[in-house]
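Visitor: File follows, final.cif with mmCIF, C-alpha atoms and all ligand atoms:
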```
data_input
#
loop_
_atom_site.label_atom_id
_atom_site.label_comp_id
_atom_site.auth_asym_id
_atom_site.auth_seq_id
_atom_site.Cartn_x
_atom_site.Cartn_y
_atom_site.Cartn_z
CA MET L 1364 -6.35 -1.45 4.59
CA THR L 1365 -5.37 -5.09 4.58
CA ILE L 1366 -3.40 -6.60 1.78
CA ASN L 1367 -3.48 -10.31 1.21
CA ALA L 1368 -0.07 -11.27 0.00
CA THR L 1369 -0.26 -14.42 -2.08
CA ALA L 1370 3.23 -14.75 -3.54
CA PRO L 1371 5.42 -17.59 -2.19
CA SER L 1372 7.36 -16.77 0.95
CA GLY L 1373 10.95 -17.57 1.91
CA ALA L 1374 13.63 -15.24 3.25
CA GLN L 1375 16.55 -14.05 1.16
CA PRO L 1376 18.81 -12.65 3.87
CA GLY L 1377 20.63 -9.47 2.92
CA ASN L 1378 20.19 -9.83 -0.84
CA ALA L 1379 16.80 -8.45 -1.71
CA ARG L 1380 16.23 -8.91 -5.44
CA GLN L 1381 16.39 -5.72 -7.46
CA THR L 1382 13.40 -6.68 -9.57
CA ASP L 1383 11.15 -6.51 -6.50
CA SER L 1384 9.94 -3.23 -4.98
CA TYR L 1385 12.47 -1.32 -2.94
CA VAL L 1386 12.04 -2.03 0.75
CA ILE L 1387 13.17 0.97 2.80
CA THR L 1388 13.31 0.19 6.50
CA ILE L 1389 13.17 2.95 9.09
CA ALA L 1390 14.73 1.58 12.26
CA ASN L 1391 16.24 2.60 15.56
CA GLN L 1392 16.03 0.65 18.80
CA LYS L 1393 15.39 3.98 20.52
CA GLY L 1394 11.78 5.19 20.65
CA GLY L 1395 10.79 8.77 19.96
CA VAL L 1396 13.55 9.58 17.44
CA GLY L 1397 11.10 10.18 14.57
CA LYS L 1398 10.82 6.77 12.85
CA THR L 1399 7.09 7.02 12.32
CA MET L 1400 7.41 10.66 11.27
CA LEU L 1401 9.94 9.74 8.58
CA THR L 1402 7.98 6.72 7.40
CA LEU L 1403 4.73 8.60 6.94
CA SER L 1404 6.24 11.73 5.44
CA LEU L 1405 8.37 9.74 2.95
CA ALA L 1406 5.23 7.81 1.95
CA ALA L 1407 3.28 11.06 1.46
CA HIS L 1408 6.20 12.56 -0.46
CA THR L 1409 6.33 9.53 -2.79
CA VAL L 1410 2.63 9.99 -3.51
CA ALA L 1411 3.05 13.72 -4.14
CA ALA L 1412 5.71 12.76 -6.72
CA HIS L 1413 3.15 10.47 -8.41
CA GLY L 1414 4.69 7.31 -6.99
CA ARG L 1415 2.97 4.38 -5.29
CA ALA L 1416 3.92 3.74 -1.68
CA LEU L 1417 3.02 1.12 0.90
CA VAL L 1418 3.72 1.54 4.60
CA VAL L 1419 4.21 -1.73 6.45
CA ASP L 1420 3.94 -1.11 10.17
CA VAL L 1421 5.66 -3.90 12.11
CA ASP L 1422 5.45 -2.04 15.44
CA PRO L 1423 2.94 -3.66 17.86
CA GLN L 1424 1.95 -0.11 18.86
CA ALA L 1425 0.73 0.41 15.27
CA ASN L 1426 1.16 4.21 15.31
CA ALA L 1427 1.86 4.51 11.59
CA HIS L 1428 -1.15 2.33 10.79
CA ASP L 1429 -3.54 4.04 13.19
CA ILE L 1430 -2.52 7.57 12.19
CA THR L 1431 -2.93 6.75 8.50
CA MET L 1432 -6.34 5.15 9.00
CA VAL L 1433 -7.79 8.43 10.27
CA MET L 1434 -6.04 10.56 7.65
CA GLN L 1435 -7.92 12.36 4.91
CA GLN L 1436 -6.79 10.73 1.65
CA PRO L 1437 -3.24 9.77 2.57
CA GLY L 1438 -2.74 8.48 -0.99
CA TYR L 1439 -0.53 5.59 0.13
CA ASP L 1440 -1.54 2.18 1.43
CA VAL L 1441 -0.80 0.94 4.93
CA MET L 1442 -0.84 -2.43 6.62
CA HIS L 1443 -0.11 -3.57 10.14
CA GLU L 1444 1.92 -6.76 9.89
CA LEU L 1445 3.48 -8.29 12.97
CA ASP L 1446 5.20 -11.08 11.04
CA PRO L 1447 8.06 -9.47 9.10
CA ARG L 1448 8.49 -12.66 7.07
CA ALA L 1449 5.41 -11.52 5.16
CA LEU L 1450 7.64 -8.83 3.56
CA THR L 1451 9.08 -11.46 1.25
CA ALA L 1452 5.70 -11.91 -0.42
CA ILE L 1453 4.67 -8.25 -0.14
CA ARG L 1454 7.71 -6.99 -2.03
CA GLN L 1455 7.02 -9.39 -4.87
CA LEU L 1456 3.56 -7.90 -5.45
CA ARG L 1457 5.29 -5.13 -7.44
CA ASN L 1458 2.31 -2.83 -6.96
CA TYR L 1459 4.52 -0.25 -5.30
CA ASP L 1460 7.52 1.87 -6.13
CA THR L 1461 8.51 2.00 -2.49
CA ILE L 1462 7.66 -0.10 0.53
CA LEU L 1463 8.45 1.70 3.79
CA VAL L 1464 8.78 -0.40 6.92
CA ASP L 1465 8.21 1.33 10.27
CA CYS L 1466 9.94 -0.62 13.04
CA PRO L 1467 9.33 -0.82 16.80
CA GLY L 1468 11.59 1.20 19.08
CA SER L 1469 12.14 -1.23 21.90
CA LEU L 1470 14.75 -3.95 22.41
CA GLU L 1471 11.92 -6.46 22.31
CA GLY L 1472 11.92 -5.66 18.61
CA HIS L 1473 15.28 -7.48 18.24
CA ASP L 1474 14.04 -10.51 16.35
CA VAL L 1475 11.64 -8.37 14.36
CA LEU L 1476 14.55 -6.18 13.25
CA ALA L 1477 16.60 -9.19 12.08
CA GLU L 1478 13.67 -10.54 10.06
CA VAL L 1479 12.96 -7.14 8.54
CA LEU L 1480 16.61 -6.52 7.66
CA ALA L 1481 16.77 -9.85 5.83
CA ARG L 1482 14.20 -8.39 3.41
CA THR L 1483 15.45 -4.78 3.27
CA THR L 1484 17.00 -2.91 0.33
CA TYR L 1485 18.14 0.08 2.39
CA ALA L 1486 17.87 1.15 6.04
CA ILE L 1487 17.34 4.71 7.24
CA ILE L 1488 18.26 5.20 10.89
CA PRO L 1489 16.77 8.36 12.42
CA TYR L 1490 18.85 9.93 15.19
CA ASP L 1491 17.75 12.90 17.30
CA HIS L 1492 21.21 13.66 18.79
CA GLU L 1493 20.12 13.35 22.38
CA PRO L 1494 22.58 11.78 24.88
CA GLU L 1495 20.28 8.82 25.53
CA SER L 1496 19.93 8.11 21.81
CA ILE L 1497 23.55 7.60 20.84
CA LEU L 1498 24.08 4.06 22.20
CA PRO L 1499 20.82 2.60 20.86
CA THR L 1500 21.57 4.28 17.52
CA LEU L 1501 25.07 2.77 17.36
CA ARG L 1502 23.69 -0.64 18.32
CA THR L 1503 21.12 -0.38 15.55
CA VAL L 1504 23.85 0.58 13.06
CA GLU L 1505 25.87 -2.46 14.11
CA ARG L 1506 22.92 -4.74 13.50
CA VAL L 1507 22.23 -3.21 10.10
CA LYS L 1508 25.90 -3.53 9.13
CA ALA L 1509 26.01 -7.13 10.34
CA ALA L 1510 23.01 -7.90 8.13
CA GLY L 1511 24.91 -6.46 5.15
CA VAL L 1512 22.20 -3.87 4.46
CA PRO L 1513 23.17 -0.47 2.99
CA TYR L 1514 22.22 2.31 5.39
CA ALA L 1515 22.67 5.89 6.49
CA VAL L 1516 21.73 7.74 9.66
CA VAL L 1517 19.65 10.91 9.37
CA VAL L 1518 19.62 13.57 12.07
CA THR L 1519 16.01 14.22 13.06
CA LYS L 1520 14.09 16.64 15.28
CA ALA L 1521 16.85 19.23 14.88
CA ASP L 1522 15.66 22.34 16.71
CA PRO L 1523 16.02 25.26 14.24
CA ARG L 1524 16.81 27.56 17.18
CA LEU L 1525 20.04 25.61 17.73
CA GLY L 1526 21.13 26.32 14.16
CA ALA L 1527 23.52 24.35 12.01
CA ASP L 1528 25.97 23.83 14.88
CA HIS L 1529 23.68 21.24 16.43
CA ILE L 1530 23.51 19.23 13.21
CA ILE L 1531 27.24 19.51 12.61
CA ASP L 1532 27.85 18.33 16.18
CA ALA L 1533 25.60 15.33 15.53
CA TRP L 1534 27.53 14.51 12.35
CA THR L 1535 30.86 14.81 14.21
CA THR L 1536 29.57 12.32 16.79
CA LEU L 1537 28.45 9.91 14.06
CA GLU L 1538 31.65 10.24 12.03
CA GLY L 1539 33.70 9.65 15.19
CA ALA L 1540 31.92 6.33 15.52
CA GLY L 1541 32.50 5.45 11.84
CA VAL L 1542 28.81 5.78 11.01
CA GLN L 1543 27.53 6.91 7.60
CA HIS L 1544 24.99 9.72 7.55
CA PHE L 1545 22.85 11.71 5.15
CA ARG L 1546 23.84 15.33 4.45
CA SER L 1547 20.24 16.40 4.87
CA ALA L 1548 18.50 16.59 8.26
CA ILE L 1549 14.91 16.81 9.47
CA ARG L 1550 14.14 19.88 11.51
CA LEU L 1551 11.76 20.07 14.45
CA TYR L 1552 8.54 21.94 13.71
CA ARG L 1553 5.16 21.84 15.39
CA ALA L 1554 3.68 21.58 11.92
CA TRP L 1555 4.36 17.84 12.14
CA PRO L 1556 2.29 16.97 15.24
CA ASN L 1557 -0.29 19.56 14.18
CA SER L 1558 -0.73 17.90 10.78
CA LEU L 1559 -1.20 14.53 12.49
CA ARG L 1560 -3.78 15.95 14.85
CA ALA L 1561 -5.67 17.36 11.88
CA GLY L 1562 -5.33 14.10 9.93
CA VAL L 1563 -3.75 15.79 6.91
CA PRO L 1564 -0.61 14.45 5.16
CA ILE L 1565 2.34 16.83 5.59
CA THR L 1566 2.42 17.26 1.79
CA ARG L 1567 -0.95 19.06 1.97
CA TRP L 1568 -0.69 20.66 5.42
CA ASN L 1569 -1.04 24.42 5.39
CA GLU L 1570 0.90 25.99 8.27
CA ARG L 1571 3.74 28.46 8.48
CA TYR L 1572 6.66 26.05 8.71
CA ALA L 1573 5.14 23.04 6.97
CA PRO L 1574 7.02 23.88 3.73
CA ARG L 1575 10.32 23.56 5.64
CA LEU L 1576 9.44 20.02 6.68
CA ARG L 1577 8.54 19.26 3.06
CA GLU L 1578 11.91 20.67 1.95
CA ASP L 1579 13.73 18.44 4.45
CA ILE L 1580 11.85 15.33 3.38
CA ALA L 1581 12.38 16.09 -0.32
CA ALA L 1582 16.12 16.58 0.24
CA LEU L 1583 16.36 13.31 2.15
CA HIS L 1584 14.38 11.49 -0.54
CA THR L 1585 16.69 12.79 -3.27
CA GLU L 1586 19.75 11.66 -1.33
CA LEU L 1587 18.18 8.27 -0.76
CA LEU L 1588 17.46 7.80 -4.48
CA LEU L 1589 21.02 8.84 -5.37
CA ASP L 1590 22.45 6.33 -2.91
CA LEU L 1591 20.13 3.58 -4.13
CA GLY L 1592 21.09 4.40 -7.74
CA ARG L 1593 24.78 4.16 -6.93
CA ARG L 1594 24.23 0.73 -5.44
CA ALA L 1595 22.03 -0.71 -8.20
CA PRO L 1596 23.80 -3.30 -10.36
CA LYS L 1597 24.70 -1.98 -13.82
CA GLY L 1598 22.02 -2.55 -16.47
CA ASP L 1599 19.33 -2.99 -13.84
CA GLU L 1600 16.14 -0.89 -14.06
N1 LIG N 1 10.45 16.73 12.71
C1 LIG N 1 9.62 16.76 13.77
N2 LIG N 1 9.12 17.93 14.21
C2 LIG N 1 8.30 17.97 15.29
N3 LIG N 1 7.93 16.90 16.01
C3 LIG N 1 8.41 15.69 15.62
C4 LIG N 1 9.26 15.55 14.50
N4 LIG N 1 9.57 14.24 14.36
C5 LIG N 1 8.92 13.59 15.34
N5 LIG N 1 8.23 14.46 16.11
C6 LIG N 1 7.43 14.14 17.30
O1 LIG N 1 8.25 13.37 18.20
C7 LIG N 1 7.52 12.31 18.77
C8 LIG N 1 8.17 10.98 18.39
O2 LIG N 1 8.14 10.84 16.98
P1 LIG N 1 7.84 9.43 16.30
O3 LIG N 1 7.91 9.63 14.83
O4 LIG N 1 6.58 8.85 16.84
O5 LIG N 1 9.10 8.58 16.82
P2 LIG N 1 9.34 6.98 16.85
O6 LIG N 1 8.47 6.39 15.78
O7 LIG N 1 10.80 6.83 16.59
O8 LIG N 1 8.96 6.53 18.23
C9 LIG N 1 6.10 12.44 18.24
O9 LIG N 1 5.34 13.16 19.19
C10 LIG N 1 6.25 13.24 16.97
O10 LIG N 1 5.09 13.98 16.64
MG MG N 2 7.00 4.88 15.88
#
```
Please re-express this file's structure in structure tokens.
Guide:
Amino acid sequence: MTINATAPSGAQPGNARQTDSYVITIANQKGGVGKTMLTLSLAAHTVAAHGRALVVDVDPQANAHDITMVMQQPGYDVMHELDPRALTAIRQLRNYDTILVDCPGSLEGHDVLAEVLARTTYAIIPYDHEPESILPTLRTVERVKAAGVPYAVVVTKADPRLGADHIIDAWTTLEGAGVQHFRSAIRLYRAWPNSLRAGVPITRWNERYAPRLREDIAALHTELLLDLGRRAPKGDE
């Protein structure tokens, strides 16, 4: 769907107002780490918890938008918006509990990332613990830190056959680089691509390991809310 944002625009770098909707940005300059997966499953999870979610897809490839458009009753709204400055107006609409921003994975997305971060409450950085992912992930973390945006990295696409050791190894790598990370991780299950192919949100997808993906997303969401709560100014709703 298309949303016409009418509120006045104007960036507020790094200090998104608490009275506006939360803007959760899912970013990593590396492609294929699971940004779109996290964005769409967090949106579906918010809906399953009776919340209102909007996905803003700022990736020119528009995967999050296109996947959602062919989904059976996703329950959340989606828009493809190539100008991240529009987020200033979108967040002031207050129609949503959570606005999730799915970012592009390439370095061409540099300016886009800066504009998005200026309007972000919290950044989630997915990391699949592959050798080629570490440098782009650390560069993304540096950019998020420089923008003064609270963040944490989440280990994604963790092959269950590799067990906990793989996730612990990823955390050791991140901690060695002084990077904050979630204690929950997203495991790799075919239920995810299968649900997309069928056009069914993961919250309603019926396949053997789909509940495990739902568990992982729910755990991440809880951690996210706890971290957001810790950071909210006292007396703020
Ligand atoms: N937890 C997961 N389990 C299985 N496949 C996954 C998972 N997360 C992502 N994938 C797959 O990995 C590929 C890249 O994921 P995607 O979310 O598109 O990454 P990005 O948006 O960072 O480029 C896709 O084919 C997607 O279906
Ligand atoms: Mg993507």
Visitor: Up to 9 Å from (24.4, 16.0, 14.7) in the file's coordinates: name the residues, counting all atoms listed in the file, as an MDAnalysis selection string.
Guide: chainID L and resid 1490:1492 1517:1519 1521 1527:1537 1548
Visitor: Could you please determine the separation between CA of Leu1463 in chain L and CA of Tyr1552 in chain L in Å, to one decimal place?
Guide: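 Rounded to one decimal, the two atoms are 22.5 Å apart.
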Visitor: Smallest atom-to-atom distance to ligand LIG 1 (chain N): which of L:Thr1585, L:Thr1483, L:Gln1455, L:Gln1392, using only C-alpha atoms and all ligand atoms?
Guide: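 Using only C-alpha atoms and all ligand atoms, the shortest distance to ligand LIG 1 (chain N) belongs to L:Gln1392.
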Visitor: Using only C-alpha atoms and all ligand atoms, what does the table of chain L residues within 12 Å of ligand MG 2 (chain N) look like, with each row giving the shortest atom pair and its distance in Å to one decimal, sorted by chain and ascending number, as CSV?
Guide:
```
residue,atom,partner,partner_atom,distance
L:Ile1389,CA,N:MG2,MG,9.4
L:Ala1390,CA,N:MG2,MG,9.2
L:Asn1391,CA,N:MG2,MG,9.5
L:Gln1392,CA,N:MG2,MG,10.4
L:Lys1393,CA,N:MG2,MG,9.6
L:Gly1394,CA,N:MG2,MG,6.8
L:Gly1395,CA,N:MG2,MG,6.8
L:Val1396,CA,N:MG2,MG,8.2
L:Gly1397,CA,N:MG2,MG,6.8
L:Lys1398,CA,N:MG2,MG,5.2
L:Thr1399,CA,N:MG2,MG,4.2
L:Met1400,CA,N:MG2,MG,7.4
L:Leu1401,CA,N:MG2,MG,9.2
L:Thr1402,CA,N:MG2,MG,8.7
L:Leu1403,CA,N:MG2,MG,9.9
L:Val1419,CA,N:MG2,MG,11.8
L:Asp1420,CA,N:MG2,MG,8.8
L:Val1421,CA,N:MG2,MG,9.6
L:Asp1422,CA,N:MG2,MG,7.1
L:Pro1423,CA,N:MG2,MG,9.7
L:Gln1424,CA,N:MG2,MG,7.7
L:Ala1425,CA,N:MG2,MG,7.7
L:Asn1426,CA,N:MG2,MG,5.9
L:Ala1427,CA,N:MG2,MG,6.7
L:His1428,CA,N:MG2,MG,9.9
L:Asp1429,CA,N:MG2,MG,10.9
L:Ile1430,CA,N:MG2,MG,10.6
L:Val1464,CA,N:MG2,MG,10.6
L:Asp1465,CA,N:MG2,MG,6.7
L:Cys1466,CA,N:MG2,MG,6.9
L:Pro1467,CA,N:MG2,MG,6.2
L:Gly1468,CA,N:MG2,MG,6.7
L:Ser1469,CA,N:MG2,MG,10.0
L:Gly1472,CA,N:MG2,MG,11.9
L:Pro1489,CA,N:MG2,MG,10.9
```
Visitor: Any chance you can output those residues with C-alpha atoms as an mmCIF file, in the coordinates of the input?
Guide:
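Result written to again_5.cif:
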```cif
data_model
loop_
_atom_site.group_PDB
_atom_site.id
_atom_site.type_symbol
_atom_site.label_atom_id
_atom_site.label_comp_id
_atom_site.auth_asym_id
_atom_site.auth_seq_id
_atom_site.Cartn_x
_atom_site.Cartn_y
_atom_site.Cartn_z
ATOM 1 C CA ILE L 1389 13.170 2.950 9.090
ATOM 2 C CA ALA L 1390 14.730 1.580 12.260
ATOM 3 C CA ASN L 1391 16.240 2.600 15.560
ATOM 4 C CA GLN L 1392 16.030 0.650 18.800
ATOM 5 C CA LYS L 1393 15.390 3.980 20.520
ATOM 6 C CA GLY L 1394 11.780 5.190 20.650
ATOM 7 C CA GLY L 1395 10.790 8.770 19.960
ATOM 8 C CA VAL L 1396 13.550 9.580 17.440
ATOM 9 C CA GLY L 1397 11.100 10.180 14.570
ATOM 10 C CA LYS L 1398 10.820 6.770 12.850
ATOM 11 C CA THR L 1399 7.090 7.020 12.320
ATOM 12 C CA MET L 1400 7.410 10.660 11.270
ATOM 13 C CA LEU L 1401 9.940 9.740 8.580
ATOM 14 C CA THR L 1402 7.980 6.720 7.400
ATOM 15 C CA LEU L 1403 4.730 8.600 6.940
ATOM 16 C CA VAL L 1419 4.210 -1.730 6.450
ATOM 17 C CA ASP L 1420 3.940 -1.110 10.170
ATOM 18 C CA VAL L 1421 5.660 -3.900 12.110
ATOM 19 C CA ASP L 1422 5.450 -2.040 15.440
ATOM 20 C CA PRO L 1423 2.940 -3.660 17.860
ATOM 21 C CA GLN L 1424 1.950 -0.110 18.860
ATOM 22 C CA ALA L 1425 0.730 0.410 15.270
ATOM 23 C CA ASN L 1426 1.160 4.210 15.310
ATOM 24 C CA ALA L 1427 1.860 4.510 11.590
ATOM 25 C CA HIS L 1428 -1.150 2.330 10.790
ATOM 26 C CA ASP L 1429 -3.540 4.040 13.190
ATOM 27 C CA ILE L 1430 -2.520 7.570 12.190
ATOM 28 C CA VAL L 1464 8.780 -0.400 6.920
ATOM 29 C CA ASP L 1465 8.210 1.330 10.270
ATOM 30 C CA CYS L 1466 9.940 -0.620 13.040
ATOM 31 C CA PRO L 1467 9.330 -0.820 16.800
ATOM 32 C CA GLY L 1468 11.590 1.200 19.080
ATOM 33 C CA SER L 1469 12.140 -1.230 21.900
ATOM 34 C CA GLY L 1472 11.920 -5.660 18.610
ATOM 35 C CA PRO L 1489 16.770 8.360 12.420
#
```
Visitor: Find the axis-aligned box for range 1399-1414 of chain L, covering all its listed atoms and adding 5 Å on each side, and write its centre and edge lengths in Å to one decimal as AutoDock Vina command-line options.
Guide:
```
--center_x 6.3 --center_y 10.2 --center_z 2.0 --size_x 17.3 --size_y 17.0 --size_z 30.7
```
Visitor: Could you check the closest approach to Arg1502 in chain L for each of L:Val1475, L:Leu1589, L:Ala1540, L:Ala1481 and tell me which residue wins, using all atoms listed in the file?
Guide: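 For Arg1502 in chain L, the nearest of the given residues is L:Ala1540.
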Visitor: Have a look at L:Ala1573, L:Ala1595, L:Ile1387, L:Arg1560 and name the one nearest to Arg1482 in chain L; count only C-alpha atoms.
Guide: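 Closest to Arg1482 in chain L of all the choices is L:Ile1387.
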Visitor: Of the candidates L:Arg1567, L:Arg1593, L:Arg1524, L:Arg1553, which one gets nearest to ligand LIG 1 (chain N) if we count only C-alpha atoms and all ligand atoms?
Guide: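 Of all the options, L:Arg1553 lies closest to ligand LIG 1 (chain N).
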